[in-house]
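Asker: My file is start11.pdb. It has PDB, C-alpha atoms:
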```
ATOM      1  CA  MET A 742    -117.465  34.579 145.403  1.00  0.00           C
ATOM      2  CA  TYR A 743    -120.841  34.580 147.093  1.00  0.00           C
ATOM      3  CA  THR A 744    -119.182  35.819 150.207  1.00  0.00           C
ATOM      4  CA  GLU A 745    -117.605  38.725 148.364  1.00  0.00           C
ATOM      5  CA  LEU A 746    -120.862  39.472 146.655  1.00  0.00           C
ATOM      6  CA  ARG A 747    -122.652  39.318 149.962  1.00  0.00           C
ATOM      7  CA  GLU A 748    -120.118  41.694 151.521  1.00  0.00           C
ATOM      8  CA  VAL A 749    -120.445  44.126 148.613  1.00  0.00           C
ATOM      9  CA  LEU A 750    -124.239  43.961 148.892  1.00  0.00           C
ATOM     10  CA  ASN A 751    -124.060  44.504 152.648  1.00  0.00           C
ATOM     11  CA  GLU A 752    -121.741  47.476 152.138  1.00  0.00           C
ATOM     12  CA  PHE A 753    -124.038  48.800 149.438  1.00  0.00           C
ATOM     13  CA  LYS A 754    -127.000  48.222 151.751  1.00  0.00           C
ATOM     14  CA  ASP A 755    -125.245  50.058 154.588  1.00  0.00           C
ATOM     15  CA  GLU A 756    -124.254  52.928 152.307  1.00  0.00           C
ATOM     16  CA  LEU A 757    -127.777  53.080 150.941  1.00  0.00           C
ATOM     17  CA  LYS A 758    -129.144  53.095 154.497  1.00  0.00           C
ATOM     18  CA  VAL A 759    -126.851  55.942 155.459  1.00  0.00           C
ATOM     19  CA  GLU A 760    -127.672  57.836 152.294  1.00  0.00           C
ATOM     20  CA  ILE A 761    -131.447  57.286 152.666  1.00  0.00           C
ATOM     21  CA  THR A 762    -131.311  58.110 156.364  1.00  0.00           C
ATOM     22  CA  GLY A 763    -129.386  61.312 155.587  1.00  0.00           C
ATOM     23  CA  GLU A 764    -131.815  62.265 152.860  1.00  0.00           C
ATOM     24  CA  LEU A 765    -134.766  61.504 155.127  1.00  0.00           C
ATOM     25  CA  ARG A 766    -133.240  63.571 157.904  1.00  0.00           C
ATOM     26  CA  GLN A 767    -132.594  66.403 155.480  1.00  0.00           C
ATOM     27  CA  GLU A 768    -136.159  66.162 154.140  1.00  0.00           C
ATOM     28  CA  MET A 769    -137.518  66.057 157.677  1.00  0.00           C
ATOM     29  CA  ARG A 770    -135.466  69.151 158.585  1.00  0.00           C
ATOM     30  CA  GLY A 771    -136.901  70.897 155.537  1.00  0.00           C
ATOM     31  CA  MET A 772    -140.408  69.831 156.517  1.00  0.00           C
ATOM     32  CA  GLU A 773    -139.750  70.938 160.080  1.00  0.00           C
ATOM     33  CA  ASP A 774    -138.510  74.320 158.837  1.00  0.00           C
ATOM     34  CA  ARG A 775    -141.581  74.759 156.627  1.00  0.00           C
ATOM     35  CA  LEU A 776    -143.857  73.687 159.464  1.00  0.00           C
ATOM     36  CA  THR A 777    -142.114  76.057 161.860  1.00  0.00           C
ATOM     37  CA  THR A 778    -142.516  78.895 159.358  1.00  0.00           C
ATOM     38  CA  ARG A 779    -146.190  78.115 158.947  1.00  0.00           C
ATOM     39  CA  LEU A 780    -146.680  77.894 162.699  1.00  0.00           C
ATOM     40  CA  ASP A 781    -144.929  81.225 163.158  1.00  0.00           C
ATOM     41  CA  LYS A 782    -147.213  82.776 160.553  1.00  0.00           C
ATOM     42  CA  MET A 783    -150.207  81.262 162.317  1.00  0.00           C
ATOM     43  CA  ASP A 784    -148.955  82.646 165.634  1.00  0.00           C
ATOM     44  CA  ASP A 785    -148.700  86.074 164.014  1.00  0.00           C
ATOM     45  CA  ARG A 786    -152.227  85.724 162.676  1.00  0.00           C
ATOM     46  CA  PHE A 787    -153.517  84.624 166.063  1.00  0.00           C
ATOM     47  CA  ASP A 788    -151.760  87.571 167.677  1.00  0.00           C
ATOM     48  CA  GLY A 789    -153.531  89.816 165.169  1.00  0.00           C
ATOM     49  CA  ILE A 790    -156.826  88.143 165.945  1.00  0.00           C
ATOM     50  CA  ASP A 791    -156.193  88.531 169.665  1.00  0.00           C
ATOM     51  CA  ASP A 792    -155.530  92.228 169.134  1.00  0.00           C
ATOM     52  CA  ARG A 793    -158.737  92.581 167.127  1.00  0.00           C
ATOM     53  CA  LEU A 794    -160.698  90.709 169.775  1.00  0.00           C
ATOM     54  CA  ASP A 795    -159.286  93.022 172.438  1.00  0.00           C
ATOM     55  CA  VAL A 796    -160.460  96.009 170.399  1.00  0.00           C
ATOM     56  CA  ILE A 797    -163.901  94.445 169.914  1.00  0.00           C
ATOM     57  CA  GLU A 798    -164.167  93.652 173.625  1.00  0.00           C
ATOM     58  CA  GLY A 799    -163.204  97.238 174.430  1.00  0.00           C
ATOM     59  CA  ARG A 800    -165.835  98.569 172.063  1.00  0.00           C
ATOM     60  CA  LEU A 801    -168.419  96.195 173.482  1.00  0.00           C
ATOM     61  CA  SER A 802    -167.566  97.404 176.967  1.00  0.00           C
ATOM     62  CA  ASP A 803    -168.029 101.002 175.767  1.00  0.00           C
ATOM     63  CA  VAL A 804    -171.416 100.104 174.284  1.00  0.00           C
ATOM     64  CA  GLU A 805    -172.458  98.403 177.532  1.00  0.00           C
ATOM     65  CA  ASN A 806    -171.429 101.515 179.464  1.00  0.00           C
ATOM     66  CA  ASP A 807    -173.384 103.718 177.056  1.00  0.00           C
ATOM     67  CA  VAL A 808    -176.488 101.533 177.397  1.00  0.00           C
ATOM     68  CA  THR A 809    -176.187 101.638 181.187  1.00  0.00           C
ATOM     69  CA  SER A 810    -175.823 105.410 181.046  1.00  0.00           C
ATOM     70  CA  ILE A 811    -178.885 105.707 178.813  1.00  0.00           C
ATOM     71  CA  LYS A 812    -180.895 103.503 181.171  1.00  0.00           C
ATOM     72  CA  LEU A 813    -179.866 105.609 184.162  1.00  0.00           C
ATOM     73  CA  THR A 814    -180.728 108.806 182.306  1.00  0.00           C
ATOM     74  CA  LEU A 815    -184.091 107.351 181.362  1.00  0.00           C
ATOM     75  CA  GLU A 816    -184.845 106.259 184.906  1.00  0.00           C
ATOM     76  CA  ASN A 817    -183.531 109.358 186.673  1.00  0.00           C
ATOM     77  CA  GLU A 818    -184.328 112.210 184.294  1.00  0.00           C
ATOM     78  CA  ILE A 819    -186.647 111.369 181.442  1.00  0.00           C
ATOM     79  CA  LYS A 820    -189.111 109.105 183.263  1.00  0.00           C
ATOM     80  CA  PRO A 821    -189.841 111.641 186.054  1.00  0.00           C
ATOM     81  CA  ASN A 822    -190.287 114.401 183.450  1.00  0.00           C
ATOM     82  CA  ILE A 823    -192.690 112.242 181.482  1.00  0.00           C
ATOM     83  CA  SER A 824    -194.611 111.573 184.698  1.00  0.00           C
ATOM     84  CA  ARG A 825    -194.798 115.336 185.400  1.00  0.00           C
ATOM     85  CA  ILE A 826    -195.998 115.990 181.854  1.00  0.00           C
ATOM     86  CA  ALA A 827    -198.624 113.240 182.172  1.00  0.00           C
ATOM     87  CA  ASP A 828    -199.785 114.675 185.521  1.00  0.00           C
ATOM     88  CA  GLY A 829    -199.921 118.180 184.017  1.00  0.00           C
ATOM     89  CA  TYR A 830    -201.930 116.866 181.079  1.00  0.00           C
ATOM     90  CA  SER A 831    -204.385 115.173 183.448  1.00  0.00           C
ATOM     91  CA  MET A 832    -204.751 118.341 185.481  1.00  0.00           C
ATOM     92  CA  LEU A 833    -205.271 120.411 182.310  1.00  0.00           C
ATOM     93  CA  GLU A 834    -207.849 117.941 181.057  1.00  0.00           C
ATOM     94  CA  GLU A 835    -209.728 118.130 184.374  1.00  0.00           C
ATOM     95  CA  ARG A 836    -209.595 121.950 184.316  1.00  0.00           C
ATOM     96  CA  LEU A 837    -210.868 122.088 180.737  1.00  0.00           C
ATOM     97  CA  ASP A 838    -213.682 119.662 181.597  1.00  0.00           C
ATOM     98  CA  ARG A 839    -214.603 121.806 184.617  1.00  0.00           C
ATOM     99  CA  GLU A 840    -214.508 125.025 182.563  1.00  0.00           C
ATOM    100  CA  ALA A 841    -216.599 123.414 179.818  1.00  0.00           C
ATOM    101  CA  ALA A 842    -219.164 122.344 182.431  1.00  0.00           C
ATOM    102  CA  GLU A 843    -219.180 125.882 183.878  1.00  0.00           C
ATOM    103  CA  GLU A 844    -219.620 127.295 180.342  1.00  0.00           C
ATOM    104  CA  ARG A 845    -222.543 124.946 179.682  1.00  0.00           C
ATOM    105  CA  GLU A 846    -224.130 125.968 182.995  1.00  0.00           C
ATOM    106  CA  TYR A 847    -223.608 129.674 182.180  1.00  0.00           C
ATOM    107  CA  ARG A 848    -225.206 129.231 178.734  1.00  0.00           C
ATOM    108  CA  ARG A 849    -228.083 127.288 180.281  1.00  0.00           C
ATOM    109  CA  ARG A 850    -228.743 130.200 182.688  1.00  0.00           C
ATOM    110  CA  ILE A 851    -228.571 132.745 179.879  1.00  0.00           C
ATOM    111  CA  ASP A 852    -230.993 130.655 177.810  1.00  0.00           C
ATOM    112  CA  TYR A 853    -233.287 130.402 180.833  1.00  0.00           C
ATOM    113  CA  ARG A 854    -233.211 134.200 181.400  1.00  0.00           C
ATOM    114  CA  LEU A 855    -233.777 134.873 177.701  1.00  0.00           C
ATOM    115  CA  ALA A 856    -236.712 132.488 177.741  1.00  0.00           C
ATOM    116  CA  ALA A 857    -238.088 134.190 180.869  1.00  0.00           C
ATOM    117  CA  LEU A 858    -237.712 137.628 179.245  1.00  0.00           C
ATOM    118  CA  ALA A 859    -239.390 136.392 176.092  1.00  0.00           C
ATOM    119  CA  ASN A 860    -242.323 135.072 178.134  1.00  0.00           C
ATOM    120  CA  GLN A 861    -242.779 138.436 179.884  1.00  0.00           C
ATOM    121  CA  ASN A 862    -243.324 140.251 176.680  1.00  0.00           C
TER
END
```
Turn this file's structure into structure tokens for me.

Answerer:
Amino acid sequence: MYTELREVLNEFKDELKVEITGELRQEMRGMEDRLTTRLDKMDDRFDGIDDRLDVIEGRLSDVENDVTSIKLTLENEIKPNISRIADGYSMLEERLDREAAEEREYRRRIDYRLAALANQN
């Protein structure tokens, strides 16, 4: 009787093992499918991020090119013009100083002549 019971238990144990193993395999396949789906979604998201990064890198490259262009314009066009304007301002300032000195000298001579005329009378 124990032998029969043992055989029945062993059969039950084997059937249970097969059933549990099948259920575990089925559950693992389901988990694998869900994981694969999630990974695919993540891949899609990463592809989207990669595309966005490519766009950002392109824009950054455009900005760098614009900055370089502005620097070149500044160095080659604006800076020399500013130097010419500064030189012209200096020359104008010197001319105005010279003319003011000549005007003061002219007024001094007129005052001297007027004083001399006033003394003659």

Asker: Quick check, in Å to one decimal: how far apart do atom CA of Glu818 of chain A and atom CA of Ser802 of chain A lie?

Answerer: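 Taking atom CA of Glu818 of chain A as the start and atom CA of Ser802 of chain A as the end point, the length is 23.5 Å.
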
Asker: Tell me, in Å to one decimal, how far atom CA of Val749 of chain A is from atom CA of Gly763 of chain A.

Answerer: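 Those two atoms sit 20.6 Å apart.
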
Asker: Please indicate the distance in Å from atom CA of Arg786 of chain A to atom CA of Glu798 of chain A, rounded to one decimal place.

Answerer: 18.0 Å

Asker: Please fill the gaps in segment 790-802 of chain A so it has N, CA and C atoms, and write that as a PDB file, in the frame of the given file.

Answerer:
```pdb
ATOM      1  N   ILE A 790    -155.435  88.413 165.561  1.00  0.00           N
ATOM      2  CA  ILE A 790    -156.826  88.143 165.945  1.00  0.00           C
ATOM      3  C   ILE A 790    -157.039  88.511 167.406  1.00  0.00           C
ATOM      4  N   ASP A 791    -156.081  88.168 168.250  1.00  0.00           N
ATOM      5  CA  ASP A 791    -156.193  88.531 169.665  1.00  0.00           C
ATOM      6  C   ASP A 791    -156.294  90.041 169.830  1.00  0.00           C
ATOM      7  N   ASP A 792    -155.472  90.773 169.064  1.00  0.00           N
ATOM      8  CA  ASP A 792    -155.530  92.228 169.134  1.00  0.00           C
ATOM      9  C   ASP A 792    -156.896  92.737 168.700  1.00  0.00           C
ATOM     10  N   ARG A 793    -157.413  92.165 167.605  1.00  0.00           N
ATOM     11  CA  ARG A 793    -158.737  92.581 167.127  1.00  0.00           C
ATOM     12  C   ARG A 793    -159.816  92.250 168.147  1.00  0.00           C
ATOM     13  N   LEU A 794    -159.713  91.079 168.756  1.00  0.00           N
ATOM     14  CA  LEU A 794    -160.698  90.709 169.775  1.00  0.00           C
ATOM     15  C   LEU A 794    -160.632  91.658 170.973  1.00  0.00           C
ATOM     16  N   ASP A 795    -159.422  92.062 171.342  1.00  0.00           N
ATOM     17  CA  ASP A 795    -159.286  93.022 172.438  1.00  0.00           C
ATOM     18  C   ASP A 795    -159.977  94.336 172.091  1.00  0.00           C
ATOM     19  N   VAL A 796    -159.807  94.777 170.838  1.00  0.00           N
ATOM     20  CA  VAL A 796    -160.460  96.009 170.399  1.00  0.00           C
ATOM     21  C   VAL A 796    -161.974  95.844 170.434  1.00  0.00           C
ATOM     22  N   ILE A 797    -162.453  94.705 169.929  1.00  0.00           N
ATOM     23  CA  ILE A 797    -163.901  94.445 169.914  1.00  0.00           C
ATOM     24  C   ILE A 797    -164.441  94.393 171.340  1.00  0.00           C
ATOM     25  N   GLU A 798    -163.724  93.721 172.228  1.00  0.00           N
ATOM     26  CA  GLU A 798    -164.167  93.652 173.625  1.00  0.00           C
ATOM     27  C   GLU A 798    -164.199  95.037 174.258  1.00  0.00           C
ATOM     28  N   GLY A 799    -163.213  95.867 173.918  1.00  0.00           N
ATOM     29  CA  GLY A 799    -163.204  97.238 174.430  1.00  0.00           C
ATOM     30  C   GLY A 799    -164.399  98.025 173.929  1.00  0.00           C
ATOM     31  N   ARG A 800    -164.677  97.875 172.629  1.00  0.00           N
ATOM     32  CA  ARG A 800    -165.835  98.569 172.063  1.00  0.00           C
ATOM     33  C   ARG A 800    -167.133  98.070 172.670  1.00  0.00           C
ATOM     34  N   LEU A 801    -167.221  96.767 172.867  1.00  0.00           N
ATOM     35  CA  LEU A 801    -168.419  96.195 173.482  1.00  0.00           C
ATOM     36  C   LEU A 801    -168.598  96.736 174.894  1.00  0.00           C
ATOM     37  N   SER A 802    -167.513  96.841 175.615  1.00  0.00           N
ATOM     38  CA  SER A 802    -167.566  97.404 176.967  1.00  0.00           C
ATOM     39  C   SER A 802    -168.052  98.850 176.917  1.00  0.00           C
TER      40      SER A 802
END
```
